[in-house]
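Colleague: As input, take model.txt (compact mmCIF, C-alpha atoms and all ligand atoms):
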```txt
# COMPACT_ATOMS: atom_id res chain seq x y z
CA MET A 1220 15.08 -15.64 -0.84
CA ALA A 1221 14.88 -15.56 -4.64
CA ALA A 1222 16.41 -12.45 -6.23
CA LEU A 1223 13.93 -9.58 -6.43
CA THR A 1224 12.83 -8.44 -9.88
CA ILE A 1225 10.21 -6.00 -11.10
CA ASP A 1226 7.94 -9.03 -11.56
CA SER A 1227 8.34 -10.24 -7.97
CA LYS A 1228 5.13 -11.03 -6.13
CA VAL A 1229 4.30 -12.27 -2.66
CA ARG A 1230 1.47 -14.56 -1.69
CA MET A 1231 -0.94 -13.05 0.81
CA ASN A 1232 -2.98 -14.80 3.52
CA SER A 1233 -5.92 -14.64 1.10
CA GLY A 1234 -4.03 -17.00 -1.25
CA HIS A 1235 -3.72 -14.30 -3.95
CA GLU A 1236 -0.44 -12.73 -5.03
CA ILE A 1237 0.52 -9.07 -4.85
CA PRO A 1238 3.25 -7.44 -6.99
CA VAL A 1239 5.85 -6.11 -4.55
CA LEU A 1240 6.24 -2.74 -6.26
CA GLY A 1241 3.11 -0.58 -6.36
CA PHE A 1242 2.42 2.75 -8.07
CA GLY A 1243 0.82 5.24 -5.65
CA VAL A 1244 -1.65 7.72 -7.14
CA TYR A 1245 -2.45 9.92 -4.14
CA GLN A 1246 -2.55 13.59 -5.19
CA ILE A 1247 -2.26 12.76 -8.88
CA PRO A 1248 -4.89 14.98 -10.51
CA SER A 1249 -7.62 12.97 -12.13
CA SER A 1250 -6.90 14.62 -15.52
CA ILE A 1251 -3.39 13.09 -15.72
CA THR A 1252 -3.84 9.87 -13.73
CA SER A 1253 -4.61 7.68 -16.73
CA ASP A 1254 -1.49 8.87 -18.49
CA ASN A 1255 0.73 8.34 -15.43
CA VAL A 1256 -0.68 4.90 -14.72
CA TYR A 1257 -0.20 3.95 -18.37
CA HIS A 1258 3.43 5.10 -18.21
CA ALA A 1259 4.03 3.19 -14.97
CA LEU A 1260 2.65 0.01 -16.55
CA GLN A 1261 4.79 0.53 -19.66
CA THR A 1262 7.76 0.81 -17.28
CA GLY A 1263 6.95 -2.53 -15.68
CA TYR A 1264 4.81 -1.75 -12.62
CA ARG A 1265 1.77 -4.04 -12.37
CA HIS A 1266 0.13 -2.68 -9.23
CA VAL A 1267 -1.79 0.59 -8.71
CA ASP A 1268 -2.66 1.93 -5.27
CA SER A 1269 -5.72 4.21 -5.38
CA ALA A 1270 -8.52 5.11 -2.95
CA VAL A 1271 -12.00 6.61 -3.08
CA LEU A 1272 -10.48 9.63 -1.33
CA TYR A 1273 -8.02 10.23 -4.18
CA ARG A 1274 -10.87 10.76 -6.70
CA ASN A 1275 -8.94 8.98 -9.42
CA GLU A 1276 -10.19 5.39 -9.41
CA ALA A 1277 -11.80 5.76 -12.86
CA PRO A 1278 -8.73 7.25 -14.62
CA SER A 1279 -6.48 4.71 -12.85
CA ALA A 1280 -8.59 1.93 -14.31
CA ALA A 1281 -8.62 3.68 -17.71
CA GLY A 1282 -4.80 3.71 -17.76
CA MET A 1283 -4.77 0.03 -16.83
CA LYS A 1284 -7.18 -0.84 -19.64
CA LYS A 1285 -5.30 1.31 -22.17
CA SER A 1286 -2.11 -0.65 -21.41
CA GLY A 1287 -3.59 -3.73 -23.04
CA ILE A 1288 -2.08 -5.87 -20.28
CA PRO A 1289 -4.52 -8.64 -19.29
CA ARG A 1290 -6.53 -7.74 -16.18
CA SER A 1291 -5.32 -10.95 -14.51
CA GLU A 1292 -1.73 -9.62 -14.60
CA LEU A 1293 -2.69 -6.31 -13.01
CA PHE A 1294 -3.43 -5.47 -9.40
CA PHE A 1295 -5.75 -2.65 -8.29
CA THR A 1296 -6.27 -1.41 -4.75
CA THR A 1297 -8.88 0.97 -3.43
CA LYS A 1298 -9.85 2.05 0.09
CA ILE A 1299 -13.06 2.74 2.00
CA PRO A 1300 -12.83 6.45 2.92
CA PRO A 1301 -11.92 7.30 6.54
CA PHE A 1302 -15.06 9.37 7.18
CA ASP A 1303 -17.42 6.71 5.81
CA MET A 1304 -16.34 3.92 8.10
CA ASN A 1305 -19.45 1.81 8.71
CA TYR A 1306 -21.21 -1.24 7.28
CA GLU A 1307 -23.69 0.51 4.99
CA ASN A 1308 -21.20 3.01 3.59
CA ALA A 1309 -18.56 0.36 2.99
CA LYS A 1310 -21.08 -1.78 1.07
CA ARG A 1311 -22.03 1.24 -1.05
CA HIS A 1312 -18.40 2.14 -1.73
CA ILE A 1313 -17.51 -1.38 -2.90
CA ASP A 1314 -20.27 -1.27 -5.51
CA ASN A 1315 -19.38 2.27 -6.45
CA SER A 1316 -15.69 1.43 -6.94
CA LEU A 1317 -16.68 -1.45 -9.22
CA ARG A 1318 -18.87 0.96 -11.19
CA GLU A 1319 -16.20 3.68 -11.33
CA THR A 1320 -13.47 1.33 -12.54
CA GLY A 1321 -15.61 -0.91 -14.73
CA PHE A 1322 -13.74 -3.89 -13.25
CA ASN A 1323 -15.66 -7.01 -12.31
CA TYR A 1324 -13.49 -7.49 -9.22
CA LEU A 1325 -11.20 -5.40 -7.02
CA ASP A 1326 -7.87 -7.02 -6.11
CA LEU A 1327 -7.53 -5.37 -2.72
CA VAL A 1328 -9.84 -3.21 -0.64
CA LEU A 1329 -8.55 -1.61 2.56
CA LEU A 1330 -10.25 0.26 5.38
CA HIS A 1331 -8.40 3.56 4.86
CA SER A 1332 -8.14 4.50 8.51
CA PRO A 1333 -9.31 3.14 11.88
CA TRP A 1334 -11.76 5.98 12.43
CA GLY A 1335 -15.39 5.98 13.47
CA GLY A 1336 -15.18 3.82 16.62
CA LYS A 1337 -15.16 0.08 17.17
CA THR A 1338 -18.70 -0.74 16.00
CA ASN A 1339 -18.30 1.15 12.73
CA ARG A 1340 -14.78 -0.19 12.06
CA LEU A 1341 -15.94 -3.77 12.54
CA GLY A 1342 -19.11 -3.09 10.53
CA ALA A 1343 -17.01 -1.82 7.63
CA TRP A 1344 -14.81 -4.92 7.92
CA ARG A 1345 -17.93 -7.13 7.76
CA ALA A 1346 -18.89 -5.37 4.51
CA LEU A 1347 -15.45 -6.23 3.07
CA VAL A 1348 -15.88 -9.87 4.11
CA GLU A 1349 -19.25 -9.98 2.35
CA GLY A 1350 -17.59 -8.36 -0.68
CA VAL A 1351 -15.15 -11.27 -0.84
CA GLU A 1352 -17.96 -13.81 -0.43
CA ALA A 1353 -19.84 -12.13 -3.29
CA GLY A 1354 -16.77 -12.34 -5.57
CA LYS A 1355 -16.46 -8.54 -5.76
CA ILE A 1356 -13.13 -8.40 -3.90
CA ARG A 1357 -10.20 -10.83 -3.83
CA THR A 1358 -8.24 -9.66 -0.80
CA ILE A 1359 -9.02 -7.38 2.14
CA GLY A 1360 -6.97 -5.46 4.63
CA VAL A 1361 -6.56 -2.30 6.63
CA SER A 1362 -4.53 0.88 6.58
CA ASN A 1363 -3.15 3.07 9.36
CA TYR A 1364 -3.94 0.34 11.90
CA GLY A 1365 -1.82 0.28 15.05
CA LEU A 1366 -1.61 -2.59 17.53
CA HIS A 1367 -4.79 -1.56 19.33
CA HIS A 1368 -6.86 -1.73 16.13
CA LEU A 1369 -5.15 -4.86 14.85
CA GLU A 1370 -5.82 -6.69 18.11
CA GLU A 1371 -9.45 -5.55 18.11
CA LEU A 1372 -9.90 -6.89 14.57
CA GLU A 1373 -8.11 -10.16 15.34
CA ALA A 1374 -10.36 -10.73 18.37
CA TYR A 1375 -13.43 -10.03 16.22
CA ILE A 1376 -12.30 -12.43 13.48
CA LYS A 1377 -11.66 -15.16 16.09
CA SER A 1378 -15.06 -14.65 17.69
CA VAL A 1379 -16.83 -14.97 14.32
CA GLU A 1380 -14.79 -18.07 13.47
CA GLU A 1381 -15.70 -19.71 16.78
CA LYS A 1382 -19.37 -19.13 16.01
CA ASP A 1383 -19.54 -19.63 12.24
CA GLY A 1384 -16.42 -21.51 11.17
CA LYS A 1385 -12.96 -20.87 9.76
CA GLY A 1386 -12.57 -17.93 7.40
CA LYS A 1387 -16.06 -16.58 8.16
CA GLY A 1388 -14.67 -13.52 9.96
CA GLY A 1389 -12.54 -12.61 6.94
CA ILE A 1390 -8.83 -12.97 6.25
CA LEU A 1391 -6.65 -10.01 7.18
CA SER A 1392 -3.97 -9.94 4.50
CA VAL A 1393 -2.51 -6.40 4.37
CA ASN A 1394 -1.76 -3.43 6.62
CA GLN A 1395 -0.74 -0.28 4.75
CA VAL A 1396 1.06 2.29 6.90
CA GLU A 1397 3.69 4.99 6.53
CA LEU A 1398 7.05 3.20 6.55
CA HIS A 1399 10.57 4.44 5.83
CA PRO A 1400 13.88 4.58 7.72
CA TRP A 1401 12.57 7.43 9.90
CA LEU A 1402 9.41 5.52 10.76
CA ALA A 1403 10.19 1.82 10.85
CA ARG A 1404 7.34 0.89 13.27
CA LYS A 1405 8.97 -2.29 14.51
CA GLU A 1406 6.09 -3.31 16.80
CA ILE A 1407 3.40 -3.08 14.12
CA VAL A 1408 5.64 -4.73 11.54
CA GLY A 1409 6.55 -7.55 13.97
CA TRP A 1410 2.89 -8.17 14.85
CA CYS A 1411 1.88 -8.34 11.19
CA LYS A 1412 4.88 -10.40 10.08
CA ALA A 1413 4.15 -13.01 12.77
CA ARG A 1414 0.72 -13.47 11.19
CA GLY A 1415 1.81 -13.38 7.54
CA ILE A 1416 0.14 -10.00 6.99
CA VAL A 1417 1.82 -8.07 4.16
CA MET A 1418 3.10 -4.60 5.14
CA GLU A 1419 2.59 -2.00 2.44
CA ALA A 1420 4.79 1.09 2.78
CA PHE A 1421 3.21 4.43 2.03
CA CYS A 1422 5.35 7.56 1.74
CA PRO A 1423 8.28 5.24 0.94
CA LEU A 1424 10.12 8.28 -0.49
CA VAL A 1425 9.38 10.32 2.68
CA ARG A 1426 7.58 12.66 0.24
CA ALA A 1427 10.98 13.70 -1.11
CA THR A 1428 11.74 15.61 2.11
CA ARG A 1429 15.01 13.80 2.90
CA MET A 1430 16.69 13.43 -0.46
CA ASN A 1431 19.65 15.51 0.81
CA ASP A 1432 20.08 13.50 4.00
CA PRO A 1433 23.85 12.82 4.33
CA LEU A 1434 23.33 9.12 5.06
CA LEU A 1435 21.13 8.64 1.98
CA VAL A 1436 23.45 10.69 -0.18
CA SER A 1437 26.48 8.63 0.88
CA LEU A 1438 24.67 5.32 0.24
CA ALA A 1439 23.51 6.64 -3.13
CA LYS A 1440 27.09 7.50 -4.02
CA LYS A 1441 28.36 4.13 -2.82
CA HIS A 1442 25.89 2.20 -5.00
CA GLY A 1443 25.78 4.60 -7.96
CA LYS A 1444 22.03 5.08 -7.41
CA THR A 1445 19.79 7.99 -6.35
CA PRO A 1446 18.59 8.63 -2.76
CA GLY A 1447 15.07 7.67 -3.88
CA GLN A 1448 16.31 4.34 -5.18
CA ILE A 1449 18.12 3.69 -1.87
CA LEU A 1450 14.85 4.31 0.02
CA LEU A 1451 12.86 1.97 -2.22
CA ARG A 1452 15.50 -0.75 -2.08
CA TRP A 1453 15.51 -0.48 1.73
CA SER A 1454 11.73 -0.97 1.67
CA LEU A 1455 11.98 -4.07 -0.55
CA GLN A 1456 14.76 -5.58 1.56
CA MET A 1457 12.67 -4.97 4.71
CA GLY A 1458 10.07 -7.20 3.06
CA PHE A 1459 7.62 -4.33 2.48
CA VAL A 1460 5.53 -3.50 -0.58
CA PRO A 1461 6.52 0.12 -1.37
CA LEU A 1462 4.05 2.39 -3.18
CA PRO A 1463 6.09 5.29 -4.65
CA LYS A 1464 4.11 8.09 -6.29
CA SER A 1465 5.30 10.38 -9.04
CA VAL A 1466 3.82 12.48 -11.82
CA THR A 1467 7.25 12.78 -13.44
CA LYS A 1468 7.89 10.21 -16.15
CA SER A 1469 11.65 10.05 -15.55
CA ARG A 1470 11.05 9.48 -11.81
CA ILE A 1471 8.41 6.82 -12.46
CA GLU A 1472 11.18 5.01 -14.37
CA GLU A 1473 13.90 5.79 -11.81
CA ASN A 1474 11.75 4.38 -9.02
CA ALA A 1475 11.48 1.06 -10.83
CA GLN A 1476 15.23 0.71 -11.39
CA ILE A 1477 15.93 -0.82 -8.02
CA TYR A 1478 16.73 -4.40 -8.90
CA ASP A 1479 20.34 -4.15 -10.07
CA PHE A 1480 21.94 -3.55 -6.67
CA GLU A 1481 21.64 -4.70 -3.10
CA LEU A 1482 22.08 -2.93 0.23
CA SER A 1483 24.50 -4.77 2.48
CA GLU A 1484 23.68 -5.79 6.03
CA GLU A 1485 25.80 -2.86 7.16
CA ASP A 1486 23.91 -0.43 4.86
CA MET A 1487 20.60 -1.72 6.25
CA LYS A 1488 21.86 -1.29 9.82
CA SER A 1489 22.93 2.28 9.09
CA LEU A 1490 19.36 3.00 7.94
CA ASP A 1491 17.97 1.68 11.24
CA THR A 1492 17.71 5.26 12.55
CA GLY A 1493 15.49 4.56 15.56
CA VAL A 1494 13.74 7.86 14.79
CA TYR A 1495 9.94 8.20 14.89
CA LYS A 1496 8.98 10.95 12.49
CA PRO A 1497 5.84 10.60 10.35
CA CYS A 1498 5.89 12.87 7.30
CA THR A 1499 2.11 12.98 6.94
CA GLY A 1500 1.59 14.97 10.15
CA TRP A 1501 -1.13 12.56 11.33
CA ASP A 1502 -0.72 9.12 12.79
CA PRO A 1503 -3.90 7.15 13.54
CA THR A 1504 -1.83 4.08 14.45
CA THR A 1505 -1.28 5.58 17.91
CA SER A 1506 -4.99 6.18 18.57
CA ASN A 1507 -6.79 4.14 21.24
CA ASP A 1508 -10.24 5.07 19.98
N1 LIG A 1601 -3.14 4.71 3.26
C1 LIG A 1601 -2.84 5.98 3.45
O1 LIG A 1601 -3.36 6.64 4.38
C2 LIG A 1601 -1.85 6.64 2.56
C3 LIG A 1601 -1.31 7.90 2.90
C4 LIG A 1601 -0.38 8.46 2.02
C5 LIG A 1601 0.00 7.79 0.87
N2 LIG A 1601 -0.56 6.59 0.55
C6 LIG A 1601 -0.18 5.83 -0.68
O2 LIG A 1601 1.23 5.80 -0.79
C7 LIG A 1601 1.64 6.45 -2.01
C8 LIG A 1601 2.97 7.15 -1.83
O3 LIG A 1601 2.93 8.09 -0.80
P1 LIG A 1601 3.06 9.66 -1.06
O4 LIG A 1601 2.56 9.96 -2.43
O5 LIG A 1601 2.42 10.37 0.04
O6 LIG A 1601 4.63 9.93 -0.92
P2 LIG A 1601 6.00 9.40 -1.61
O7 LIG A 1601 5.73 8.39 -2.65
O8 LIG A 1601 6.92 9.09 -0.49
O9 LIG A 1601 6.55 10.73 -2.27
C9 LIG A 1601 5.98 11.33 -3.39
C10 LIG A 1601 6.77 12.62 -3.65
O10 LIG A 1601 8.12 12.30 -4.01
C11 LIG A 1601 8.44 12.86 -5.28
N3 LIG A 1601 9.30 11.88 -5.96
C12 LIG A 1601 8.89 10.71 -6.53
N4 LIG A 1601 9.95 10.02 -7.01
C13 LIG A 1601 11.04 10.78 -6.73
C14 LIG A 1601 12.42 10.61 -6.98
N5 LIG A 1601 12.88 9.51 -7.57
N6 LIG A 1601 13.27 11.59 -6.58
C15 LIG A 1601 12.81 12.70 -5.97
N7 LIG A 1601 11.51 12.91 -5.70
C16 LIG A 1601 10.62 11.95 -6.07
C17 LIG A 1601 7.12 13.09 -5.96
O11 LIG A 1601 7.23 14.19 -6.85
P3 LIG A 1601 6.56 14.21 -8.32
O12 LIG A 1601 5.23 13.53 -8.23
O13 LIG A 1601 6.46 15.67 -8.59
O14 LIG A 1601 7.52 13.51 -9.25
C18 LIG A 1601 6.21 13.44 -4.78
O15 LIG A 1601 6.37 14.79 -4.42
C19 LIG A 1601 0.46 7.38 -2.31
O16 LIG A 1601 0.45 7.82 -3.65
C20 LIG A 1601 -0.71 6.52 -1.93
O17 LIG A 1601 -0.96 5.56 -2.95
C21 LIG A 1601 -1.46 6.00 1.40
```
For this file, produce the structure as structure tokens.
Ligand SMILES: NC(=O)c1ccc[n+]([C@@H]2O[C@H](COP(=O)([O-])OP(=O)(O)OC[C@H]3O[C@@H](n4cnc5c(N)ncnc54)[C@H](OP(=O)(O)O)[C@@H]3O)[C@@H](O)[C@H]2O)c1
Modeller:
Amino acid sequence: MAALTIDSKVRMNSGHEIPVLGFGVYQIPSSITSDNVYHALQTGYRHVDSAVLYRNEAPSAAGMKKSGIPRSELFFTTKIPPFDMNYENAKRHIDNSLRETGFNYLDLVLLHSPWGGKTNRLGAWRALVEGVEAGKIRTIGVSNYGLHHLEELEAYIKSVEEKDGKGKGGILSVNQVELHPWLARKEIVGWCKARGIVMEAFCPLVRATRMNDPLLVSLAKKHGKTPGQILLRWSLQMGFVPLPKSVTKSRIEENAQIYDFELSEEDMKSLDTGVYKPCTGWDPTTSND
């Protein structure tokens, strides 16, 4: 594998590339989002992870535009809200996100959560597929999908392809789930990896709840880095796309300084905790709905 840098990208099943470090904007107040996004881009991030639910798509886009970096070098994600999971709503949200951002395409649109039942989930997916066909979206994916939902979607895509031809059911390129050493989700990751689906890691910093963990602290000391940097490096070396969030300029910078060291095989093994502890307090991946 080529050495990772802040400019590293991976090619998705859609054929488009995604920068492997993303800037998460969940819970960043709309009034300061533009400023934070601008600072992240000045620091070297090229990828912003927003959602309709976060109510900051417009200021995210404003920060991206203010940076002066060509749109083609930037990557913007949004998500169809969990409670609006059906065909009609998803169609409406795609157009609305284009309006809110003023972009003429969205790099990545995800179904935020597998809620609403099978018919509505697959209906919302169909709206994403049509969004790609219409040139409004480049790449599509899901979020908080466990094996049950992934298999349901794969079966749907295959059935459409059998009827209408290859690619007509859409190309599943990304699954964004909570991922960190205390929630490594090996089954979901294995399933997605086998199909070339990129795993995006949300809460890659465990929401700063484990920064004093003795294991993290000792690895931080060993490498002369911070516990947060150890977590993000772990995520990169696992092959994930981590999406750290911060409203603190020094931390936005700290979280991007993760390319001048490497965790050894032994370090990585020590972080294989085998623990299953989501920090969000909700875990739709386990639902069989
Ligand atoms: N798809 C989904 O359902 C879903 C769910 C959750 C999150 N996400 C995405 O994933 C992104 C990240 O997740 P998250 O925001 O929940 O959690 P996170 O990135 O794991 O943690 C963010 C918290 O860590 C703090 N922090 C940031 N850098 C730090 C550092 N270097 N040292 C110490 N503390 C640090 C931040 O504080 P300050 O901001 O005060 O600096 C904030 O309190 C979100 O913004 C969103 O884009 C997606």
Colleague: Compile a residue-level contact table for region 1321-1340 of chain A against region 1385-1396 of chain A at a cut-off of 12 Å, reporting for every qualifying residue the shortest atom pair and its distance in Å to one decimal, with only C-alpha atoms counted, rows ordered by chain and ascending number, as a tab-separated table.
Modeller:
```
residue	atom	partner	partner_atom	distance
A:Asp1326	CA	A:Ser1392	CA	11.7
A:Leu1327	CA	A:Val1393	CA	8.7
A:Val1328	CA	A:Val1393	CA	9.4
A:Leu1329	CA	A:Val1393	CA	7.9
A:Leu1330	CA	A:Asn1394	CA	9.3
A:His1331	CA	A:Gln1395	CA	8.6
A:Ser1332	CA	A:Gln1395	CA	9.6
A:Pro1333	CA	A:Asn1394	CA	11.3
```
Colleague: Against ligand LIG 1601 (chain A), which residues of chain A fall within 9 Å? For each one I want the closest pair of atoms and the distance in Å (one decimal), counting all atoms listed in the file, rows by chain and increasing residue number, as a Markdown table.
Modeller:
```
| residue | atom | partner | partner_atom | distance |
| --- | --- | --- | --- | --- |
| A:Gly1241 | CA | A:LIG1601 | O17 | 8.1 |
| A:Phe1242 | CA | A:LIG1601 | O17 | 6.7 |
| A:Gly1243 | CA | A:LIG1601 | O17 | 3.2 |
| A:Val1244 | CA | A:LIG1601 | O16 | 4.1 |
| A:Tyr1245 | CA | A:LIG1601 | O16 | 3.6 |
| A:Gln1246 | CA | A:LIG1601 | O16 | 6.7 |
| A:Ile1247 | CA | A:LIG1601 | O12 | 7.6 |
| A:Val1267 | CA | A:LIG1601 | O17 | 7.7 |
| A:Asp1268 | CA | A:LIG1601 | O17 | 4.6 |
| A:Ser1269 | CA | A:LIG1601 | O17 | 5.5 |
| A:Ala1270 | CA | A:LIG1601 | O17 | 7.6 |
| A:Tyr1273 | CA | A:LIG1601 | C20 | 8.5 |
| A:Thr1296 | CA | A:LIG1601 | O17 | 8.9 |
| A:Lys1298 | CA | A:LIG1601 | N1 | 7.9 |
| A:Pro1301 | CA | A:LIG1601 | O1 | 8.9 |
| A:Leu1329 | CA | A:LIG1601 | N1 | 8.3 |
| A:Leu1330 | CA | A:LIG1601 | N1 | 8.7 |
| A:His1331 | CA | A:LIG1601 | N1 | 5.6 |
| A:Ser1332 | CA | A:LIG1601 | O1 | 6.7 |
| A:Val1361 | CA | A:LIG1601 | N1 | 8.5 |
| A:Ser1362 | CA | A:LIG1601 | N1 | 5.3 |
| A:Asn1363 | CA | A:LIG1601 | O1 | 6.1 |
| A:Asn1394 | CA | A:LIG1601 | N1 | 8.9 |
| A:Gln1395 | CA | A:LIG1601 | N1 | 5.7 |
| A:Val1396 | CA | A:LIG1601 | N1 | 6.1 |
| A:Glu1397 | CA | A:LIG1601 | C3 | 6.8 |
| A:His1399 | CA | A:LIG1601 | O8 | 8.7 |
| A:Glu1419 | CA | A:LIG1601 | O2 | 8.6 |
| A:Ala1420 | CA | A:LIG1601 | O2 | 6.9 |
| A:Phe1421 | CA | A:LIG1601 | O2 | 3.7 |
| A:Cys1422 | CA | A:LIG1601 | O8 | 3.1 |
| A:Pro1423 | CA | A:LIG1601 | O8 | 4.3 |
| A:Leu1424 | CA | A:LIG1601 | O8 | 3.3 |
| A:Val1425 | CA | A:LIG1601 | O8 | 4.2 |
| A:Arg1426 | CA | A:LIG1601 | O9 | 3.3 |
| A:Ala1427 | CA | A:LIG1601 | O10 | 4.3 |
| A:Thr1428 | CA | A:LIG1601 | O10 | 7.8 |
| A:Met1430 | CA | A:LIG1601 | C15 | 6.8 |
| A:Thr1445 | CA | A:LIG1601 | N5 | 7.2 |
| A:Pro1446 | CA | A:LIG1601 | N6 | 7.2 |
| A:Gly1447 | CA | A:LIG1601 | N5 | 4.7 |
| A:Gln1448 | CA | A:LIG1601 | N5 | 6.6 |
| A:Pro1461 | CA | A:LIG1601 | O2 | 7.8 |
| A:Leu1462 | CA | A:LIG1601 | C7 | 4.9 |
| A:Pro1463 | CA | A:LIG1601 | O7 | 3.7 |
| A:Lys1464 | CA | A:LIG1601 | O7 | 4.0 |
| A:Ser1465 | CA | A:LIG1601 | O12 | 3.3 |
| A:Val1466 | CA | A:LIG1601 | O12 | 4.0 |
| A:Thr1467 | CA | A:LIG1601 | O14 | 4.3 |
| A:Lys1468 | CA | A:LIG1601 | O14 | 7.7 |
| A:Ser1469 | CA | A:LIG1601 | N5 | 8.1 |
| A:Arg1470 | CA | A:LIG1601 | N5 | 4.6 |
| A:Ile1471 | CA | A:LIG1601 | N4 | 6.5 |
| A:Glu1472 | CA | A:LIG1601 | N5 | 8.3 |
| A:Glu1473 | CA | A:LIG1601 | N5 | 5.7 |
| A:Asn1474 | CA | A:LIG1601 | N5 | 5.4 |
| A:Cys1498 | CA | A:LIG1601 | O5 | 8.4 |
| A:Thr1499 | CA | A:LIG1601 | C4 | 7.1 |
```
Colleague: Give me, please, the distance in Å between CA of Leu1450 (chain A) and CA of Ile1225 (chain A), quoted to one decimal.
Modeller: 15.9 Å
Colleague: Please, what distance in Å, to one decimal, runs between CA of Thr1224 (chain A) and CA of Val1460 (chain A)?
Modeller: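 A separation of 12.8 Å between them.
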Colleague: Taking all atoms listed in the file into account, which of A:Phe1459, A:Arg1452, A:Pro1503, A:Lys1405 comes nearest Leu1482 (chain A)?
Modeller: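 Under the stated criterion, the closest residue is A:Arg1452.
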Colleague: Pick out the closest residue to His1258 (chain A) from this set: A:Lys1285, A:Gly1443, A:Leu1398, A:Gly1234. Count all atoms listed in the file.
Modeller: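 Residue with the minimum atom-to-atom distance to His1258 (chain A): A:Lys1285.
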Colleague: Figure out the distance between CA of Ala1259 (chain A) and CA of Ala1439 (chain A), please, to one decimal in Å.
Modeller: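 Result for CA of Ala1439 (chain A) versus CA of Ala1259 (chain A): 23.1 Å, one decimal.
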Colleague: Could you check the closest approach to Asn1255 (chain A) for each of A:Cys1411, A:Ser1378, A:Ala1353, A:Ser1279 and tell me which residue wins, using all atoms listed in the file?
Modeller: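 Checking each of A:Cys1411, A:Ser1378, A:Ala1353, A:Ser1279 against Asn1255 (chain A), counting all atoms listed in the file, the winner is A:Ser1279.
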Colleague: Give as number ranges by chain the set of residues within 10 Å of the point (-13.8, 1.7, 12.0), where distances use the file's coordinates and all atoms listed in the file.
Modeller: A: 1301-1306, 1330-1344, 1361, 1364, 1368, 1372, 1508
Colleague: Can you pull out every residue within 6 Å of region 1485-1495 of chain A, counting all atoms listed in the file, but drop anything in the same chain fewer than 6 positions away, and send it as a VMD selection string?
Modeller: chain A and resid 1400 to 1402
Colleague: For each of A:Ala1374, A:Ala1403, A:Met1283, A:Leu1223, take the minimum atom-to-atom distance to Lys1496 (chain A), counting only C-alpha atoms, then give the residue where this is smallest.
Modeller: A:Ala1403
Colleague: Please rebuild region 1361-1373 of chain A with N, CA and C atoms and return the result as a PDB file, in the frame of the given file.
Modeller:
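This went into part33.pdb:
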```
ATOM      1  N   VAL A1361      -6.337  -3.547   5.910  1.00  0.00           N
ATOM      2  CA  VAL A1361      -6.560  -2.300   6.630  1.00  0.00           C
ATOM      3  C   VAL A1361      -5.409  -1.342   6.334  1.00  0.00           C
ATOM      4  N   SER A1362      -5.587  -0.106   6.767  1.00  0.00           N
ATOM      5  CA  SER A1362      -4.530   0.880   6.580  1.00  0.00           C
ATOM      6  C   SER A1362      -4.515   1.783   7.811  1.00  0.00           C
ATOM      7  N   ASN A1363      -3.337   2.196   8.191  1.00  0.00           N
ATOM      8  CA  ASN A1363      -3.150   3.070   9.360  1.00  0.00           C
ATOM      9  C   ASN A1363      -3.614   2.395  10.654  1.00  0.00           C
ATOM     10  N   TYR A1364      -3.568   1.078  10.686  1.00  0.00           N
ATOM     11  CA  TYR A1364      -3.940   0.340  11.900  1.00  0.00           C
ATOM     12  C   TYR A1364      -2.722   0.131  12.784  1.00  0.00           C
ATOM     13  N   GLY A1365      -2.842   0.567  14.038  1.00  0.00           N
ATOM     14  CA  GLY A1365      -1.820   0.280  15.050  1.00  0.00           C
ATOM     15  C   GLY A1365      -2.183  -0.999  15.798  1.00  0.00           C
ATOM     16  N   LEU A1366      -1.397  -1.321  16.818  1.00  0.00           N
ATOM     17  CA  LEU A1366      -1.610  -2.590  17.530  1.00  0.00           C
ATOM     18  C   LEU A1366      -3.010  -2.685  18.134  1.00  0.00           C
ATOM     19  N   HIS A1367      -3.464  -1.579  18.695  1.00  0.00           N
ATOM     20  CA  HIS A1367      -4.790  -1.560  19.330  1.00  0.00           C
ATOM     21  C   HIS A1367      -5.883  -1.993  18.339  1.00  0.00           C
ATOM     22  N   HIS A1368      -5.820  -1.421  17.130  1.00  0.00           N
ATOM     23  CA  HIS A1368      -6.860  -1.730  16.130  1.00  0.00           C
ATOM     24  C   HIS A1368      -6.680  -3.124  15.550  1.00  0.00           C
ATOM     25  N   LEU A1369      -5.417  -3.523  15.394  1.00  0.00           N
ATOM     26  CA  LEU A1369      -5.150  -4.860  14.850  1.00  0.00           C
ATOM     27  C   LEU A1369      -5.651  -5.925  15.830  1.00  0.00           C
ATOM     28  N   GLU A1370      -5.388  -5.688  17.122  1.00  0.00           N
ATOM     29  CA  GLU A1370      -5.820  -6.690  18.110  1.00  0.00           C
ATOM     30  C   GLU A1370      -7.346  -6.748  18.196  1.00  0.00           C
ATOM     31  N   GLU A1371      -7.975  -5.596  18.100  1.00  0.00           N
ATOM     32  CA  GLU A1371      -9.450  -5.550  18.110  1.00  0.00           C
ATOM     33  C   GLU A1371     -10.008  -6.360  16.941  1.00  0.00           C
ATOM     34  N   LEU A1372      -9.408  -6.189  15.765  1.00  0.00           N
ATOM     35  CA  LEU A1372      -9.900  -6.890  14.570  1.00  0.00           C
ATOM     36  C   LEU A1372      -9.624  -8.391  14.684  1.00  0.00           C
ATOM     37  N   GLU A1373      -8.439  -8.733  15.192  1.00  0.00           N
ATOM     38  CA  GLU A1373      -8.110 -10.160  15.340  1.00  0.00           C
ATOM     39  C   GLU A1373      -9.098 -10.831  16.297  1.00  0.00           C
TER      40      GLU A1373
END
```
